[in-house]
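Q: Attaching a single structure in C-alpha cells format; questions to follow.
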Amino acid sequence: MLLSTSRSVSILLATSLIGCAFAQEIDVLPRNHAPRWYSFENPTGAKGAAAATNKSAKGNAWEPIAAGATKELMKFEGCGTIRRMWFTFRPWTPTMLRSVVIEMYWDHATKPAVSVPIGDFFTQGLALPVAFQNQLFSNPEGRSLNCYVPMPFRTGARVVLRNEAKEDVGLLFYDIDVTKEAKQDKDAAYFHAFWKRDPYTKLGQDYELLPQVRGRGRYLGATIGVQGHPQYGDAGWGEGEAKIYLDGDGKLPTISGTGTEDYIGTGWGMGPFSNLYQGCTVSDNVKHCWAFYRLHIPDPICFEKSCRVTIQDIGGDGTENVRKMASAGAELIPVSAAADPGLIRLLDDVTYPKLADPKFPLDAWVNFYRRDDYSSVAYFYLDRPTTDLPALPPVALRTADLRTK
C-alpha cells in the first residue's frame with residue numbers, strides 16, 4: 001500500500017504475525033539483513049559461492065528428482081526469514097502436483113511445520129495449475145509457483161522436496177530467498193500449513209479445515225477444493241458456512257460465515273476470479289469442480305490459546321428437485337427452507353411438514369446437508385515450530401479420482 005510520510009512516499013510490504021507487523025520500507029536500508037538465495041546454482045546459499053560450475057555460464061540451473069527420492073533444497077543455520085520461494089518442474093500435471101510434497105522444518109525440529117502437496121500449497125486447489133495472483137501466492141502464466149509468505153525462524157530452517165510419484169521429476173528449477181538476521185522479534189511466529197482430504201464427507205458433519213491447534217497464533221486462511229458428488233446432479237453446493245472456534249469455544253464458534261461463496265467475498269454462485277485476499281481458481285459446472293481461497297490479512301484471526309476451523313457441506317435446490325434426488329436415493333438432510341413467509345429452520349421446527357409431505361411448499365429453496373469430495377490447505381502462524389496435527393495422508397489418497405486430470 002502507498003503511505004504518504006513527511007519525508008517521502010514509502011511503499012510498505014506488511015504481514016502481521018502475532019501482535020506485531022513485519023514492515024519493510026523499501027527506501028530504508030535495513031541493518032543486519034544479509035540476503036541469501038538457495039538454488040541448484042548455490043545449494044548452500046553461501047556468500048560468494050553462486051554459479052560456480054561451467055565457468056559460471058548456467059552450469060546447474062536444474063536437477064532431476066527420481067521417483068521416490070527426497071532432495072534437501074535449503075538448510076540454513078542461524079536466525080533468518082524466508083521471504084520468497086519459486087518453483088517450476090516437468091512433468092507439470094495434476095498428479096505430479098499432488099505427488100510432490102514440500103516440507104519445511106524450523107529450529108532443528110524433527111517434525112515438519114509444513115508437509116503439503118506442492119500444488120495445493122501454492123493455492124493450486126484440486127492440483128490444477130491455473131494462472132492467478134493473490135497477496136501471498138501467484139502462478140503468473142499457469143506454469144510456475146511463487147510464495148511471498150514471510151517465514152521467520154530463530155536457530156535454523158530446512159526445506160525438503162519429496163517425489164512420491166511413480167515417475168521422475170525430470171526438470172526441477174527453484175530458488176528460495178532468505179534474509180540472514182541478527183535476531184527475531186519476540187512475537188515473530190512460525191509458519192505452518194496443514195493439508196487434508198475427505199473424498200466423501202460425513203452427512204451432517206462439518207468438514208474440518210484445521211483441527212484444533214493449541215498455542216498463541218494467527219489463522220491466515222485456506223485453499224479449498226470441492227468435487228461435487230454425482231448423486232446431486234446440478235444442484236447448488238455452496239451453502240455451507242465457515243466456522244472458526246477460538247480460545248476454548250465449545251459447541252458454538254466465535255465466528256461464523258453465511259455461505260461458502262460468501263466466505264470468499266462473492267455471492268449467488270462461484271465463478272472464476274482472482275483478488276488479493278479471495279478468489280476462485282477453478283469453476284467447472286460440467287465436472288462439478290471448484291477451487292477457491294480466502295486469506296485473512298486485512299481481517300486478522302488471532303488467538304491466544306487454541307483455534308479450530310470448519311466448513312459445512314451444505315447445498316440447495318428447489319423443492320421438486322430435492323424431492324427427486326431423495327427419491328432416487330441421494331444422501332441428504334434438509335436443514336432449512338426459504339419459503340413464504342420466510343426462512344423455515346427445518347431442524348428446529350419439528351412440526352413443519354416433511355419434504356415428502358404434499359403440504360411442503362413447492363416454491364421453496366431447500367438447503368440440505370450433502371456429501372462431497374473436499375480437500376484443503378490451512379495456513380497459520382503459531383508460537384511454536386511444531387504441532388500434533390496428523391501426518392500427510394499417502395499419495396494414493398491424494399491423487400485418486402482427480403477430475404481435473
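Residue numbers start at 1 in each chain; chains themselves are named A, B, ... in the order of the C-alpha cells; ligands are numbered from 1 in the order shown.
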Which residues in stretch 250-283 of chain A does DSSP call strand (DSSP E)? List them as a PyMOL selection string.

A: chain A and resi 255-256+273-274+278-283

Q: Within 9 Å of A:Leu362, counting only C-alpha atoms, which residues qualify if same-chain residues fewer than 5 places away don't, as number ranges by chain?

A: A: 318-320, 339

Q: Write the residues you've just listed into a file as a short mmCIF file (atom, residue, chain, number, x, y, z; two decimals), in the first residue's frame, and include C-alpha atoms for each of them.

A:
data_model
loop_
_atom_site.label_atom_id
_atom_site.label_comp_id
_atom_site.auth_asym_id
_atom_site.auth_seq_id
_atom_site.Cartn_x
_atom_site.Cartn_y
_atom_site.Cartn_z
CA GLY A 318 -35.92 -26.18 -5.33
CA THR A 319 -38.37 -28.42 -3.53
CA GLU A 320 -39.20 -30.58 -6.55
CA ALA A 339 -40.42 -20.05 1.64
#

Q: Find the residues around stretch 389-405 of chain A up to 10 Å (only C-alpha atoms counted), leave out those fewer than 5 positions away in its own chain, and share them as a ChimeraX atom specification.

A: /A:93-101,111-117,125-129,163-165,194-199,210-213,227,282,284,287-290,373,375

Q: Can I get the selected residues back with N, CA and C atoms, as a CSV table (one decimal), in the first residue's frame?

A:
chain,number,residue,atom,x,y,z
A,93,THR,N,1.8,-31.8,-14.2
A,93,THR,CA,0.4,-32.4,-14.3
A,93,THR,C,-0.2,-32.4,-12.9
A,94,PRO,N,-1.6,-32.5,-12.8
A,94,PRO,CA,-2.2,-32.5,-11.5
A,94,PRO,C,-1.7,-33.7,-10.7
A,95,THR,N,-1.4,-34.9,-11.3
A,95,THR,CA,-0.9,-36.0,-10.5
A,95,THR,C,0.4,-35.7,-9.9
A,96,MET,N,1.3,-35.0,-10.6
A,96,MET,CA,2.6,-34.7,-10.0
A,96,MET,C,2.5,-33.6,-9.0
A,97,LEU,N,1.6,-32.6,-9.2
A,97,LEU,CA,1.4,-31.5,-8.2
A,97,LEU,C,0.8,-32.0,-6.9
A,98,ARG,N,0.2,-33.2,-6.9
A,98,ARG,CA,-0.3,-33.8,-5.7
A,98,ARG,C,0.7,-34.8,-5.1
A,99,SER,N,1.6,-35.3,-6.0
A,99,SER,CA,2.5,-36.4,-5.6
A,99,SER,C,3.8,-35.8,-5.0
A,100,VAL,N,4.2,-34.6,-5.5
A,100,VAL,CA,5.5,-34.0,-5.0
A,100,VAL,C,5.1,-33.2,-3.7
A,101,VAL,N,5.8,-33.4,-2.6
A,101,VAL,CA,5.5,-32.8,-1.3
A,101,VAL,C,6.6,-31.8,-0.9
A,111,LYS,N,9.9,-32.8,13.3
A,111,LYS,CA,8.6,-32.9,12.6
A,111,LYS,C,8.4,-31.6,11.8
A,112,PRO,N,8.0,-31.8,10.5
A,112,PRO,CA,7.8,-30.6,9.7
A,112,PRO,C,6.6,-29.7,10.1
A,113,ALA,N,6.8,-28.4,10.0
A,113,ALA,CA,5.6,-27.5,10.2
A,113,ALA,C,4.8,-27.4,9.0
A,114,VAL,N,5.4,-27.7,7.8
A,114,VAL,CA,4.7,-27.8,6.6
A,114,VAL,C,5.0,-29.1,5.9
A,115,SER,N,3.9,-29.9,5.5
A,115,SER,CA,4.1,-31.1,4.8
A,115,SER,C,2.9,-31.2,3.9
A,116,VAL,N,3.0,-30.6,2.7
A,116,VAL,CA,1.8,-30.4,1.9
A,116,VAL,C,2.1,-30.7,0.4
A,117,PRO,N,1.2,-31.3,-0.4
A,117,PRO,CA,1.4,-31.4,-1.8
A,117,PRO,C,1.7,-30.0,-2.4
A,125,GLY,N,-5.7,-25.3,-6.0
A,125,GLY,CA,-6.6,-26.2,-5.5
A,125,GLY,C,-7.0,-27.3,-6.5
A,126,LEU,N,-7.2,-28.5,-6.0
A,126,LEU,CA,-7.5,-29.7,-6.8
A,126,LEU,C,-6.3,-30.0,-7.7
A,127,ALA,N,-5.1,-29.5,-7.4
A,127,ALA,CA,-3.9,-29.7,-8.1
A,127,ALA,C,-4.0,-29.3,-9.6
A,128,LEU,N,-4.8,-28.4,-9.9
A,128,LEU,CA,-4.9,-27.9,-11.3
A,128,LEU,C,-4.1,-26.6,-11.4
A,129,PRO,N,-3.0,-26.6,-12.2
A,129,PRO,CA,-2.3,-25.3,-12.4
A,129,PRO,C,-3.0,-24.3,-13.2
A,163,ASN,N,9.5,-36.6,-3.8
A,163,ASN,CA,8.8,-37.0,-5.0
A,163,ASN,C,8.2,-38.4,-4.7
A,164,GLU,N,6.9,-38.4,-4.4
A,164,GLU,CA,6.2,-39.7,-4.1
A,164,GLU,C,5.5,-40.2,-5.4
A,165,ALA,N,5.7,-39.7,-6.5
A,165,ALA,CA,5.1,-40.2,-7.8
A,165,ALA,C,5.8,-41.4,-8.2
A,194,PHE,N,-1.4,-27.1,6.8
A,194,PHE,CA,-1.9,-28.4,7.0
A,194,PHE,C,-2.8,-28.8,5.9
A,195,TRP,N,-2.6,-30.0,5.2
A,195,TRP,CA,-3.4,-30.5,4.1
A,195,TRP,C,-4.2,-31.7,4.5
A,196,LYS,N,-5.4,-31.8,4.0
A,196,LYS,CA,-6.2,-33.0,4.3
A,196,LYS,C,-7.2,-33.1,3.1
A,197,ARG,N,-7.8,-34.3,3.0
A,197,ARG,CA,-8.8,-34.6,2.0
A,197,ARG,C,-9.8,-35.6,2.6
A,198,ASP,N,-11.1,-35.3,2.4
A,198,ASP,CA,-12.1,-36.3,2.7
A,198,ASP,C,-12.9,-36.6,1.4
A,199,PRO,N,-12.6,-37.7,0.8
A,199,PRO,CA,-13.3,-38.0,-0.5
A,199,PRO,C,-14.8,-38.1,-0.4
A,210,LEU,N,-9.1,-27.0,9.7
A,210,LEU,CA,-7.9,-27.0,10.6
A,210,LEU,C,-8.4,-27.7,11.9
A,211,PRO,N,-7.9,-28.9,12.2
A,211,PRO,CA,-8.2,-29.5,13.5
A,211,PRO,C,-7.6,-28.5,14.6
A,212,GLN,N,-8.1,-28.7,15.8
A,212,GLN,CA,-7.7,-27.8,16.8
A,212,GLN,C,-6.2,-27.8,17.0
A,213,VAL,N,-5.6,-26.6,17.0
A,213,VAL,CA,-4.2,-26.4,17.3
A,213,VAL,C,-4.1,-25.6,18.6
A,227,GLN,N,-15.1,-31.4,-5.2
A,227,GLN,CA,-15.6,-32.2,-6.3
A,227,GLN,C,-16.9,-32.7,-5.9
A,282,VAL,N,-10.7,-22.4,-9.9
A,282,VAL,CA,-11.4,-23.4,-10.7
A,282,VAL,C,-12.9,-23.3,-10.5
A,284,ASP,N,-15.9,-25.2,-12.6
A,284,ASP,CA,-16.3,-26.1,-13.6
A,284,ASP,C,-17.7,-26.7,-13.3
A,287,LYS,N,-17.9,-30.6,-14.8
A,287,LYS,CA,-17.3,-31.6,-14.0
A,287,LYS,C,-17.7,-31.5,-12.5
A,288,HIS,N,-18.3,-30.4,-12.1
A,288,HIS,CA,-18.7,-30.1,-10.7
A,288,HIS,C,-17.4,-30.0,-9.9
A,289,CYS,N,-16.5,-29.1,-10.3
A,289,CYS,CA,-15.3,-28.9,-9.6
A,289,CYS,C,-15.1,-27.4,-9.3
A,290,TRP,N,-14.7,-27.1,-8.1
A,290,TRP,CA,-14.4,-25.7,-7.7
A,290,TRP,C,-13.2,-25.7,-6.8
A,373,ASP,N,-16.6,-34.4,-2.1
A,373,ASP,CA,-15.1,-34.6,-2.0
A,373,ASP,C,-14.5,-33.3,-1.7
A,375,SER,N,-11.0,-31.2,-0.2
A,375,SER,CA,-9.6,-31.1,0.1
A,375,SER,C,-9.2,-29.7,0.4

Q: In terms of the shortest atom-to-atom distance over only C-alpha atoms, which of A:Gly265, A:Pro152, A:Pro358, A:Gly279 is closest to A:Pro385?

A: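 Looking at the shortest contact to A:Pro385, the residue is A:Pro152.
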
Q: Nearest to A:Pro64 among A:Arg345, A:Arg162, A:Lys183, A:Arg84, with distances taken over only C-alpha atoms: which residue is it?

A: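 Of the candidates, the smallest distance to A:Pro64 is held by A:Arg162.
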
Q: What does the distance from atom CA of A:Gly259 to atom CA of A:Gly316 come to in Å, to one decimal?

A: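 Computed distance, atom CA of A:Gly259 to atom CA of A:Gly316, equals 11.2 Å.
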